[in-house]
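Peer 1: Okay, so here is my_file.txt, and as you'll see once you scroll down, it has compact mmCIF, C-alpha atoms.
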# COMPACT_ATOMS: atom_id res chain seq x y z
CA MET C 1 71.34 102.03 66.98
CA ALA C 2 69.90 100.72 70.25
CA HIS C 3 66.22 101.21 70.98
CA ILE C 4 65.53 103.94 73.57
CA THR C 5 64.27 101.45 76.18
CA GLU C 6 67.45 99.40 75.84
CA ALA C 7 69.62 102.52 76.13
CA ILE C 8 67.73 103.68 79.25
CA GLY C 9 67.96 100.21 80.82
CA THR C 10 71.70 100.00 80.21
CA TYR C 11 72.17 103.52 81.58
CA SER C 12 70.16 102.64 84.72
CA GLN C 13 72.28 99.55 85.37
CA LEU C 14 75.55 101.45 84.95
CA ILE C 15 74.40 104.25 87.27
CA ALA C 16 73.10 101.76 89.88
CA LYS C 17 76.40 99.88 89.90
CA ALA C 18 78.37 103.14 90.15
CA ALA C 19 76.28 104.25 93.14
CA LEU C 20 76.75 100.92 94.92
CA HIS C 21 80.49 101.05 94.22
CA ALA C 22 80.71 104.65 95.46
CA ASN C 23 79.17 103.50 98.74
CA GLY C 24 81.52 100.59 99.41
CA TRP C 25 79.74 97.69 97.74
CA ILE C 26 81.71 95.28 95.54
CA VAL C 27 79.72 94.74 92.35
CA ALA C 28 79.98 91.70 90.08
CA GLU C 29 78.13 90.16 87.16
CA THR C 30 77.53 86.51 86.45
CA GLU C 31 78.77 84.68 83.38
CA THR C 32 75.31 83.16 82.85
CA THR C 33 71.87 84.65 82.41
CA GLU C 34 70.14 84.85 85.79
CA SER C 35 66.87 86.24 87.14
CA PHE C 36 68.81 89.17 88.63
CA ASP C 37 70.96 91.77 86.89
CA PHE C 38 74.04 91.68 89.14
CA VAL C 39 75.33 90.80 92.59
CA ALA C 40 76.98 93.06 95.13
CA LYS C 41 78.78 92.44 98.41
CA ASP C 42 77.38 94.43 101.35
CA PRO C 43 80.19 96.51 102.90
CA LEU C 44 78.72 96.10 106.40
CA THR C 45 77.88 92.39 106.51
CA GLY C 46 80.14 90.99 103.80
CA GLU C 47 77.15 89.11 102.35
CA TRP C 48 76.56 88.87 98.61
CA LYS C 49 73.11 90.11 97.56
CA THR C 50 71.32 89.94 94.21
CA PHE C 51 69.89 93.07 92.56
CA GLN C 52 67.25 93.57 89.90
CA CYS C 53 67.68 97.02 88.34
CA LYS C 54 64.73 99.06 87.10
CA THR C 55 64.10 102.59 85.90
CA ILE C 56 61.98 104.76 88.19
CA ARG C 57 59.27 106.76 86.50
CA ARG C 58 57.20 109.71 87.70
CA ARG C 59 53.48 109.29 87.19
CA ALA C 60 51.87 112.62 86.31
CA ASP C 61 48.43 111.06 86.80
CA ARG C 62 49.38 110.19 90.41
CA ASN C 63 50.77 113.53 91.62
CA ASN C 64 54.26 112.73 90.27
CA GLU C 65 54.62 109.71 92.56
CA LEU C 66 57.60 107.49 91.90
CA VAL C 67 56.83 104.08 90.44
CA ILE C 68 58.97 101.07 89.66
CA TYR C 69 57.43 98.42 87.45
CA ALA C 70 59.10 95.27 88.75
CA THR C 71 58.06 92.77 86.13
CA LYS C 72 60.10 90.55 83.87
CA GLY C 73 60.37 91.02 80.10
CA ASP C 74 56.84 89.78 79.48
CA GLY C 75 55.45 92.67 81.55
CA LYS C 76 53.34 90.30 83.67
CA THR C 77 55.60 88.06 85.70
CA ARG C 78 56.95 89.71 88.82
CA TYR C 79 60.26 88.96 90.50
CA SER C 80 59.84 86.57 93.41
CA LYS C 81 61.98 86.91 96.51
CA SER C 82 64.10 84.02 95.25
CA ASP C 83 64.73 85.88 91.96
CA ALA C 84 66.44 88.89 93.57
CA ASP C 85 67.13 90.13 97.09
CA TYR C 86 66.80 93.80 96.21
CA ILE C 87 65.14 96.04 93.65
CA ILE C 88 67.36 98.98 92.75
CA GLY C 89 65.85 101.86 90.82
CA VAL C 90 67.29 104.82 88.98
CA LEU C 91 65.34 108.05 88.59
CA GLY C 92 66.73 110.02 85.69
CA SER C 93 65.10 113.34 84.93
CA GLU C 94 66.15 115.29 81.85
CA GLY C 95 69.14 117.51 82.61
CA GLU C 96 69.46 116.40 86.25
CA LEU C 97 71.78 114.03 88.06
CA PRO C 98 70.17 110.62 88.54
CA ARG C 99 68.90 109.48 91.93
CA ILE C 100 69.32 105.88 93.03
CA PHE C 101 67.09 104.01 95.50
CA PHE C 102 67.07 100.39 96.61
CA PHE C 103 64.89 98.27 98.85
CA GLU C 104 64.11 94.65 99.63
CA ASN C 105 62.22 92.78 96.95
CA GLU C 106 58.75 91.95 98.27
CA GLY C 107 57.63 90.13 95.14
CA LEU C 108 55.32 92.95 94.01
CA SER C 109 54.79 93.90 90.39
CA GLU C 110 54.82 97.64 91.18
CA TYR C 111 56.37 99.76 93.92
CA TRP C 112 54.91 103.25 94.48
CA ALA C 113 56.09 106.06 96.72
CA THR C 114 55.84 109.79 97.11
CA GLU C 115 59.17 111.61 97.41
CA ALA C 116 58.70 111.88 101.18
CA ARG C 117 57.75 108.23 101.58
CA ALA C 118 60.60 107.04 99.36
CA SER C 119 63.12 108.87 101.54
CA LYS C 120 61.81 106.94 104.57
CA ARG C 121 61.16 103.48 103.10
CA TRP C 122 63.81 103.21 100.40
CA VAL C 123 67.58 103.60 100.78
CA GLU C 124 68.91 106.43 98.60
CA LEU C 125 72.50 106.06 97.44
CA SER C 126 74.71 108.98 96.56
CA LEU C 127 76.76 108.94 93.38
CA ALA C 128 79.52 110.83 95.17
CA PHE C 129 82.47 108.52 95.82
CA ASN C 130 82.94 107.94 99.56
CA ARG C 131 86.72 107.68 100.04
CA GLU C 132 86.38 107.19 103.80
CA ILE C 133 84.87 103.75 103.31
CA TYR C 134 87.92 102.59 101.36
CA GLU C 135 90.51 104.39 103.48
CA GLU C 136 89.18 102.77 106.68
CA ALA C 137 89.68 99.33 105.13
CA VAL C 138 93.42 99.93 104.54
Is it possible to give me this structure as structure tokens?
Peer 2:
Amino acid sequence: MAHITEAIGTYSQLIAKAALHANGWIVAETETTESFDFVAKDPLTGEWKTFQCKTIRRRADRNNELVIYATKGDGKTRYSKSDADYIIGVLGSEGELPRIFFFENEGLSEYWATEARASKRWVELSLAFNREIYEEAV
């Protein structure tokens, strides 16, 4: 059986990809191990962008602020701007639908935000499939 952190990480990646897809992005994975988790084609610009996926946590000791720890497997090395264009995070609370946010990678090891600040600084993606995006392309 997979360890809980592996199961959560896999879940976060699947949910992040589904949200991007639901919002018109084309999502792809590489055949080789890279510093990013996957690539996606922006529906507005047509540019391919790299994404590093992380799980968003709520910090009870910081008034339930949202935090993304954006470090590599060693827990110390952060993702440089050349490692990934965007950080995409999944907030999964027990018994609730997940929320997905993404933002430009600034090379930080941690990203913090209150709910109000996240809604202004981070892009929140809906999991609801947006048919209009695909119907306009036909």
Peer 1: Nearest to Leu108 (chain C): which of C:Trp122, C:Phe36, C:Trp25, C:Tyr86 is it, counting all atoms listed in the file?
Peer 2: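 That would be C:Tyr86, the residue with the smallest distance to Leu108 (chain C).
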Peer 1: Of the candidates C:Thr32, C:Asn23, C:Glu47, C:Arg78, which shows the shortest atom-to-atom distance to Val123 (chain C), using only C-alpha atoms?
Peer 2: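 Checking each of C:Thr32, C:Asn23, C:Glu47, C:Arg78 against Val123 (chain C), counting only C-alpha atoms, the winner is C:Asn23.
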Peer 1: Just checking: using only C-alpha atoms, which residue out of C:Leu127, C:Ile4, C:Ile133, C:Ile88 ends up closest to Ile68 (chain C)?
Peer 2: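 Answer, going by the shortest atom-to-atom distance: C:Ile88.
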Peer 1: Could you state the separation of CA of Glu96 (chain C) and CA of Cys53 (chain C) in Å, given to one decimal place?
Peer 2: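 So the answer is 19.6 Å.
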Peer 1: Find the residues near Ile15 (chain C): any atom within 10 Å, counting only C-alpha atoms, skip ones fewer than 4 places away on the same chain, and give them as a ChimeraX atom specification.
Peer 2: /C:9-11,19-21,53,89-92,98-100,127
Peer 1: C:Lys17, C:Arg57, C:Lys76, C:Lys81: which is nearest Asn105 (chain C), counting only C-alpha atoms?
Peer 2: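 Among the listed residues, the smallest separation from Asn105 (chain C) belongs to C:Lys81.
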Peer 1: Nearest residue to Ala70 (chain C) out of C:Ile8, C:Leu97, C:Ile56, C:Ala128, using only C-alpha atoms?
Peer 2: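 Looking only at the distances to Ala70 (chain C), the closest residue turns out to be C:Ile56.
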Peer 1: Measure the distance from CA of Ala40 (chain C) to CA of Gly24 (chain C) in Å and round it to one decimal.
Peer 2: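 CA of Gly24 (chain C) lies 9.8 Å from CA of Ala40 (chain C).
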Peer 1: Taking all atoms of region 18-35 of chain C that the file lists, what box with edges along x, y and z, padded by 4 Å per side, do you get, with centre and edge lengths in Å to one decimal, as JSON?
Peer 2:
{"center_x": 74.3, "center_y": 93.9, "center_z": 90.9, "size_x": 22.8, "size_y": 29.5, "size_z": 25.0}
Peer 1: Which distance in Å separates CA of Glu94 (chain C) and CA of Ala7 (chain C), to one decimal?
Peer 2: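 Distance reported for this atom pair: 14.4 Å.
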Peer 1: Go through C:Ala113, C:Leu14, C:Leu44, C:Ile87 one by one, measure the shortest atom-to-atom distance of each to Leu66 (chain C) using all atoms listed in the file, and give the residue with the smallest value.
Peer 2: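 Counting all atoms listed in the file, the residue closest to Leu66 (chain C) is C:Ala113.
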Peer 1: Can you pull out the residues contacting Ala84 (chain C)? Cut-off 9 Å, using only C-alpha atoms, and skip same-chain residues under 6 positions away; I want them as a PyMOL selection string.
Peer 2: chain C and resi 35-37+49-52+104-105
Peer 1: Could you pull region 8-127 of chain C out of the block above and save it with C-alpha atoms, as an mmCIF file, in the first residue's frame?
Peer 2:
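Output (decode-v6.cif):
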data_model
loop_
_atom_site.group_PDB
_atom_site.id
_atom_site.type_symbol
_atom_site.label_atom_id
_atom_site.label_comp_id
_atom_site.auth_asym_id
_atom_site.auth_seq_id
_atom_site.Cartn_x
_atom_site.Cartn_y
_atom_site.Cartn_z
ATOM 1 C CA ILE C 8 -1.923 12.686 -1.318
ATOM 2 C CA GLY C 9 0.716 13.829 -3.824
ATOM 3 C CA THR C 10 -0.721 11.642 -6.577
ATOM 4 C CA TYR C 11 -4.237 12.839 -5.757
ATOM 5 C CA SER C 12 -3.100 16.495 -5.893
ATOM 6 C CA GLN C 13 -1.496 16.007 -9.311
ATOM 7 C CA LEU C 14 -4.583 14.302 -10.743
ATOM 8 C CA ILE C 15 -6.894 17.023 -9.411
ATOM 9 C CA ALA C 16 -4.590 19.820 -10.668
ATOM 10 C CA LYS C 17 -4.474 18.308 -14.154
ATOM 11 C CA ALA C 18 -8.261 17.835 -14.188
ATOM 12 C CA ALA C 19 -8.794 21.492 -13.218
ATOM 13 C CA LEU C 20 -6.422 22.722 -15.923
ATOM 14 C CA HIS C 21 -8.136 20.477 -18.477
ATOM 15 C CA ALA C 22 -11.587 21.667 -17.378
ATOM 16 C CA ASN C 23 -10.451 25.233 -18.066
ATOM 17 C CA GLY C 24 -9.117 24.673 -21.587
ATOM 18 C CA TRP C 25 -5.479 23.798 -20.952
ATOM 19 C CA ILE C 26 -3.911 20.844 -22.780
ATOM 20 C CA VAL C 27 -1.963 18.817 -20.220
ATOM 21 C CA ALA C 28 0.964 16.517 -21.010
ATOM 22 C CA GLU C 29 3.667 14.617 -19.168
ATOM 23 C CA THR C 30 7.246 14.063 -20.204
ATOM 24 C CA GLU C 31 8.805 10.676 -20.830
ATOM 25 C CA THR C 32 11.808 11.625 -18.680
ATOM 26 C CA THR C 33 12.176 12.795 -15.108
ATOM 27 C CA GLU C 34 12.204 16.596 -15.028
ATOM 28 C CA SER C 35 12.267 19.298 -12.364
ATOM 29 C CA PHE C 36 8.560 19.945 -13.021
ATOM 30 C CA ASP C 37 5.613 17.564 -12.716
ATOM 31 C CA PHE C 38 3.883 18.246 -16.042
ATOM 32 C CA VAL C 39 3.446 20.748 -18.854
ATOM 33 C CA ALA C 40 0.280 22.431 -20.045
ATOM 34 C CA LYS C 41 -0.591 24.565 -23.054
ATOM 35 C CA ASP C 42 -2.191 27.910 -22.173
ATOM 36 C CA PRO C 43 -5.568 28.189 -23.944
ATOM 37 C CA LEU C 44 -5.149 31.955 -24.414
ATOM 38 C CA THR C 45 -1.548 32.239 -25.626
ATOM 39 C CA GLY C 46 -0.896 28.745 -26.978
ATOM 40 C CA GLU C 47 2.368 28.649 -25.003
ATOM 41 C CA TRP C 48 3.509 25.534 -23.167
ATOM 42 C CA LYS C 49 4.203 26.145 -19.467
ATOM 43 C CA THR C 50 5.760 23.910 -16.822
ATOM 44 C CA PHE C 51 3.983 23.196 -13.523
ATOM 45 C CA GLN C 52 5.226 21.971 -10.167
ATOM 46 C CA CYS C 53 2.305 20.554 -8.180
ATOM 47 C CA LYS C 54 2.105 20.827 -4.402
ATOM 48 C CA THR C 55 -0.470 20.187 -1.701
ATOM 49 C CA ILE C 56 -1.785 23.276 0.088
ATOM 50 C CA ARG C 57 -1.976 23.035 3.836
ATOM 51 C CA ARG C 58 -3.808 25.153 6.406
ATOM 52 C CA ARG C 59 -1.632 26.290 9.282
ATOM 53 C CA ALA C 60 -3.632 26.357 12.515
ATOM 54 C CA ASP C 61 -0.782 28.222 14.214
ATOM 55 C CA ARG C 62 -1.096 31.015 11.614
ATOM 56 C CA ASN C 63 -4.856 31.659 11.687
ATOM 57 C CA ASN C 64 -5.522 28.887 9.134
ATOM 58 C CA GLU C 65 -3.467 30.646 6.463
ATOM 59 C CA LEU C 66 -2.793 28.647 3.324
ATOM 60 C CA VAL C 67 0.783 27.504 2.832
ATOM 61 C CA ILE C 68 2.555 25.725 0.014
ATOM 62 C CA TYR C 69 5.958 24.281 0.793
ATOM 63 C CA ALA C 70 7.701 24.566 -2.565
ATOM 64 C CA THR C 71 10.815 22.539 -1.935
ATOM 65 C CA LYS C 72 12.205 19.511 -3.693
ATOM 66 C CA GLY C 73 12.335 16.030 -2.167
ATOM 67 C CA ASP C 74 15.148 16.945 0.210
ATOM 68 C CA GLY C 75 12.910 19.551 1.867
ATOM 69 C CA LYS C 76 15.570 22.256 1.499
ATOM 70 C CA THR C 77 16.127 22.993 -2.169
ATOM 71 C CA ARG C 78 13.515 25.295 -3.657
ATOM 72 C CA TYR C 79 12.350 25.330 -7.261
ATOM 73 C CA SER C 80 14.119 28.008 -9.268
ATOM 74 C CA LYS C 81 12.292 29.887 -11.998
ATOM 75 C CA SER C 82 14.051 27.686 -14.552
ATOM 76 C CA ASP C 83 12.723 24.541 -12.815
ATOM 77 C CA ALA C 84 9.031 25.406 -13.302
ATOM 78 C CA ASP C 85 7.017 28.325 -14.643
ATOM 79 C CA TYR C 86 4.129 27.854 -12.227
ATOM 80 C CA ILE C 87 3.395 26.384 -8.827
ATOM 81 C CA ILE C 88 -0.031 24.756 -8.743
ATOM 82 C CA GLY C 89 -1.500 23.818 -5.387
ATOM 83 C CA VAL C 90 -4.419 21.680 -4.311
ATOM 84 C CA LEU C 91 -6.261 22.336 -1.065
ATOM 85 C CA GLY C 92 -8.106 19.214 -0.014
ATOM 86 C CA SER C 93 -10.115 19.402 3.180
ATOM 87 C CA GLU C 94 -11.751 16.275 4.562
ATOM 88 C CA GLY C 95 -15.199 15.765 3.033
ATOM 89 C CA GLU C 96 -15.015 18.849 0.773
ATOM 90 C CA LEU C 97 -14.339 19.348 -2.907
ATOM 91 C CA PRO C 98 -10.717 20.321 -3.523
ATOM 92 C CA ARG C 99 -9.730 23.868 -4.456
ATOM 93 C CA ILE C 100 -6.979 24.494 -6.986
ATOM 94 C CA PHE C 101 -4.763 27.593 -7.170
ATOM 95 C CA PHE C 102 -1.799 28.420 -9.367
ATOM 96 C CA PHE C 103 0.657 31.281 -9.617
ATOM 97 C CA GLU C 104 4.027 32.142 -11.104
ATOM 98 C CA ASN C 105 6.998 30.467 -9.486
ATOM 99 C CA GLU C 106 9.086 33.121 -7.735
ATOM 100 C CA GLY C 107 11.733 30.696 -6.505
ATOM 101 C CA LEU C 108 10.544 30.820 -2.886
ATOM 102 C CA SER C 109 10.592 27.845 -0.552
ATOM 103 C CA GLU C 110 7.187 28.731 0.935
ATOM 104 C CA TYR C 111 4.147 30.620 -0.315
ATOM 105 C CA TRP C 112 1.687 31.930 2.295
ATOM 106 C CA ALA C 113 -1.695 33.568 1.863
ATOM 107 C CA THR C 114 -4.897 34.212 3.725
ATOM 108 C CA GLU C 115 -8.065 33.118 1.925
ATOM 109 C CA ALA C 116 -8.743 36.733 0.906
ATOM 110 C CA ARG C 117 -5.200 37.324 -0.299
ATOM 111 C CA ALA C 118 -5.085 34.031 -2.209
ATOM 112 C CA SER C 119 -8.225 34.986 -4.136
ATOM 113 C CA LYS C 120 -6.468 38.186 -5.280
ATOM 114 C CA ARG C 121 -2.906 36.979 -5.885
ATOM 115 C CA TRP C 122 -3.416 33.380 -6.985
ATOM 116 C CA VAL C 123 -5.563 32.104 -9.864
ATOM 117 C CA GLU C 124 -8.248 29.711 -8.635
ATOM 118 C CA LEU C 125 -9.379 27.085 -11.122
ATOM 119 C CA SER C 126 -12.785 25.474 -11.052
ATOM 120 C CA LEU C 127 -13.136 21.727 -11.390
#
